[in-house]
Each structure stands twice: as structure tokens, then as C-alpha cells.
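Input: a single structure, listed below in C-alpha cells.
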Amino acid sequence: MGNKITFTDVMADQKLHQQRRHDLSAFERTFKAEITAVHKLTEVENLFRIQIIDPEDRNNFTFQPGQFVILELPGIGEAPFSISSSASRHGDLELCIRRVGSLTNFLFRLDRGTHVGIRGPFGTGFPMEQMHGENILLIAGGLGLAPLRSPIAYVQENRNQFNNVDIIYGTKDPSQLLFTYQYDMWRADDVNLHIIVEKGDLSWKGPVGMITKVLQDIFGHRETDYFQKTYAIVCGPPVMFKFVCKMLNERDIPMEKMFVSLERKMQCGMGKCCRCNVGSTYTCVKGPVFDYWSVMNMKEAI
Ligand SMILES: Cc1cc2nc3c(=O)[nH]c(=O)nc-3n(C[C@H](O)[C@H](O)[C@H](O)COP(=O)(O)OP(=O)(O)OC[C@H]3O[C@@H](n4cnc5c(N)ncnc54)[C@H](O)[C@@H]3O)c2cc1C
Ligand code: FES
């Protein structure tokens with residue numbers, strides 16, 4: 001009796017197969033793309049503007065904030081990178097990349113005009129429309145601002161759909177701050193921007209400490225009903241989102257209204273190579289975006 005297959009099971013299975021076919025077609029298709037600009041952000045991070053060359057493909061390329069692409073450098077290798085630009089720009093992508101290993105070291109030697117391959121988009125995105133009409137906390141630690149920049153762009157472009165908007169961003173020191181040239185623009189869109197570093201330097205005039213310190217300060221000035229109408233997107237190292245989400249939960253923001261981006265070492269991006277598992281979950285297919293309730297129920301996720 002326990003093994004009886006219901007109509008719902010069959011339909012769910014079909015939906016999974018359809019999704020899988022869609023994922024596979026994204027996997028098999030490599031778009032020819034061109035690096036159209038490179039901006040130095042810090043000593044180890046660059047912003048690469050990468051445009052799908054064919055105008056029709058470029059326009060048809062759609063994604064959700066939070067999804068990622070696989071960047072191919074022919075003869076060198078490939079790696080996943082979060083899309084760091086607005087979804088409204090379609091296949092005119094920006095990737096914020098840290099130089100860490102063989103592929104990224106090679107990439108940092110390339111200039112505009114170089115051709116590369118792009119596959120995707122892959123994975124799950126942040127459910128931005130579900131958050132309409134509510135307050136939103138956009139929280140990033142370190143390189144976590146790379147995946148957060150796409151939801152930030154969404155909020156900017158749809159500012160009237162959200163109530164209070166706070167961006168909270170922390171790094172180890174001021175030299176690691178990303179996208180400093182955008183801060184004034186974000187503030188101009190009626191966004192509360194809070195920046196904190198763990199260790200200041202002579203030029204630093206802002207607060208020093210952890211992201212949780214900023215949250216404590218903000219929450220001290222918010223009414224109780226603020227928390228009942230708030231979503232949070234948290235991107236950064238697991239140790240950071242563990243403390244941040246715990247704090248949000250203590251303020252009665254439900255775990256289902258907190259979304260995190262869980263990045264694991266990936267290779268195939270399609271549930272085949274078993275590089276990205278957390279327990280039995282393939283984070284490349286089921287993630288990288290999860291609600292915190294799911295993360296808490298995933299063994300070894302944090
Ligand atoms: C969904 C997703 C989104 C991502 N988004 C971004 C992004 O927006 N920006 C960004 O900069 N990065 C991002 N990354 C990380 C990026 O894909 C990796 O850093 C990638 O491996 C870089 O390739 P590489 O060849 O330069 O480095 P690699 O040579 O693969 O080395 C990467 C790092 O892993 C270590 N490493 C290498 N091999 C091993 C191993 N066998 N065991 C343990 N450690 C090892 C290296 O020491 C180095 O620190 C993302 C990853 C995922 C999964
Ligand atoms: S990256 Fe290969 S299974 Fe997820």
C-alpha cells in the first residue's frame with residue numbers, strides 16, 4: 001500500500017522531467033559571448049561585463065536574480081558564477097569574480113574583445129515577486145554582494161513594490177568593499193545603506209564590527225509589526241548567515257521568509273557529478289537559493 005503511485009506522484013514526476021529537460025537544454029547550449037568591459041573592484045575582484053554575441057539569443061536570455069551561469073574558457077576550463085547584473089539586461093551580463101585559482105587567474109589576464117562561452121542560467125532564484133508589498137532586508141558579507149547585486153537591481157527597478165528597504169553589507173576591512181561607486185546611487189533610491197567593516201583603517205569613518213551589530217542597531221528603532229512584514233535575502237559565508245538568520249528568527253521573522261544562497265564546489269551544474277551535494281541534495285539543481293527553513297532541515301548545510 002505504502003508504495004502505491006498516485007496521480008499526483010505521476011504529475012510531479014512529469015514536472016520534474018520537464019524541468020530536467022529544460023535544465024539539460026540549458027546545459028547543452030553554449031552561447032558565444034564577448035567580454036565587453038573589465039572593471040577592477042579590489043585587488044582580487046573584477047567586474048566582467050560579458051555580452052552574448054547573437055542579438056536574438058541575448059534578448060531571449062532570461063534569468064531570475066540569484067541564478068548562476070557557467071563560464072567556459074576554451075582550452076582552460078569552466079566554473080559557475082552568480083549573475084551580478086539586473087535581470088532586465090537579459091544576456092548583457094555582469095559577473096563579479098574573485099581571482100582564486102587556475103581559471104580565474106587566466107580570466108584576469110584577458111581583455112575586452114575576448115570571446116568566451118556562457119551556459120545557463122542554472123539553479124533557483126530569489127522569489128522577488130512574493131516579497132512585493134513587504135519590507136526587505138538585503139544582507140551580504142564579503143563576496144556575497146556579487147549574488148545580492150541582482151536582487152538589489154530588481155528592488156531599485158521596482159522600488160514602489162517594497163516598503164522599507166535596507167542593504168546591510170560587511171567586509172573584513174575597507175579595502176575589500178565591492179561596488180563602492182554604487183553606494184550613493186542606492187541611497188538615492190530611498191534605500192537605507194549600512195556598511196560595516198571588521199577592522200577599520202585610518203581613512204575609515206564608518207562603524208566597525210560584525211553585520212549582526214548593524215542589525216541590532218536597526219532593530220532597536222523598528223516597531224514590532226515591522227518584523228511581521230519583512231523578508232530577508234542573505235548572501236555570504238555560511239558562518240555569517242547562520243548568525244544573521246538566528247538573529248532574524250529571534251525577531252520573529254519566519255525562516256520561510258529568509259532566503260540564502262548556498263554555494264558549494266560545483267562542476268557539471270546539472271545534478272550529475274555529485275560535487276555539490278549537501279547530504280542527498282544537489283545544490284546546483286535544487287539551489288543555490290534556499291529558504292532558511294530548508295537549509296535548517298538539510299544535514300551538513302551549515
Ligand atoms: C553557484 C555558484 C556561484 C558562484 N558565484 C561566484 C561569483 O559570483 N564570483 C566568484 O568569484 N566566485 C563564485 N563562485 C565560486 C567559483 O565558481 C569558484 O571560485 C571557482 O572554482 C573558481 O575557479 P578557479 O579555477 O579559478 O579556481 P579553482 O582552481 O577551482 O580553485 C578555487 C578555490 O578552491 C580551492 N580548491 C581548488 N580545488 C580544490 C579541491 N580539490 N578541494 C578543496 N579546495 C579546492 C582553491 O584553493 C581555491 O581557493 C560560485 C560558485 C558557485 C557554486
Ligand atoms: S555540480 Fe555536478 S551535481 Fe551539482
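Letters A, B, ... mark the chains of the C-alpha cells in the order given; residue numbers begin at 1 per chain; ligand numbers begin at 1, in order shown.
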
request  = May I have the residues within 8 Å of ligand 2, computed using only C-alpha atoms and all ligand atoms, as a list in words?
outcome  =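 With only C-alpha atoms and all ligand atoms and a cut-off of 8 Å, ligand 2 is contacted by Lys265, Met266, Gln267, Cys268, Gly269, Met270, Gly271, Lys272, Cys273, Cys274, Arg275, Cys276, Asn277, Tyr282, Thr283, Cys284 and Val285 of chain A.
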
inquiry  = Please return as a VMD selection string the residues found within 10 Å of ligand 1, counting only C-alpha atoms and all ligand atoms.
reply    = chain A and resid 44 to 47 66 to 71 76 to 84 94 to 108 122 to 124 143 to 149 261 to 267 269 275 to 276 283 to 285 287 to 289

key: Test item: residues at most 7 Å from Ala87 (chain A), only C-alpha atoms, excluding those fewer than 4 positions along its chain, as number ranges by chain   = A: 62-65, 150

inquiry  = Using Å and a single decimal, report how far CA of Ile136 (chain A) sits from CA of Lys40 (chain A).
reply    =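 Distance between the two atoms: 29.4 Å.
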
request  = Find the residues around region 200-211 of chain A up to 10 Å (only C-alpha atoms counted), leave out those fewer than 3 positions away in its own chain, and share them as a list in words.
outcome  =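 Residues meeting the cut-off are Ile139, Ala140, Gly141, Ile168, Tyr169, Gly170, Thr171, Lys172, Asp173, Pro174, Ser175, His194, Ile195, Ile196, Val197, Val214, Leu215, Gln216, Met240, Phe241, Phe243 and Val244 of chain A.
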
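Here the strand (DSSP E) residues in region 64-131 of chain A, by DSSP on the backbone, are Phe68, Val69, Ile70, Leu71, Glu72, Leu73, Gly77, Glu78, Ala79, Pro80, Phe81, Ser82, Asp92, Leu93, Glu94, Leu95, Cys96, Ile97, Arg98, His115, Val116, Gly117, Ile118, Arg119, Gly120, Pro121 and Phe122 of chain A.
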
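CA of Ser88 (chain A) lies 8.3 Å from CA of Tyr154 (chain A).
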
message = List as a PyMOL selection string the protein and nucleic acid residues near Asn135 (chain A), meaning an atom at most 9 Å away when only C-alpha atoms are counted, but skip any in the same chain fewer than 6 places from it.
response = chain A and resi 162-166+226-227+229-232

task = List every residue of region 19-245 of chain A that DSSP, applied to the backbone of this structure, places in helix (DSSP H, G or I), and write the result as number ranges by chain.
result = A: 19-28, 55-60, 87-89, 102-107, 128-131, 142-157, 159-161, 174-176, 180-188, 211-220, 224-228, 238-245

query = Near Arg58 (chain A), within 12 Å and counting only C-alpha atoms, which residues show up once chain neighbours fewer than 2 positions away are dropped, as an MDAnalysis selection string?
reply = chainID A and resid 31:34 50:56 60:63 87:93 118
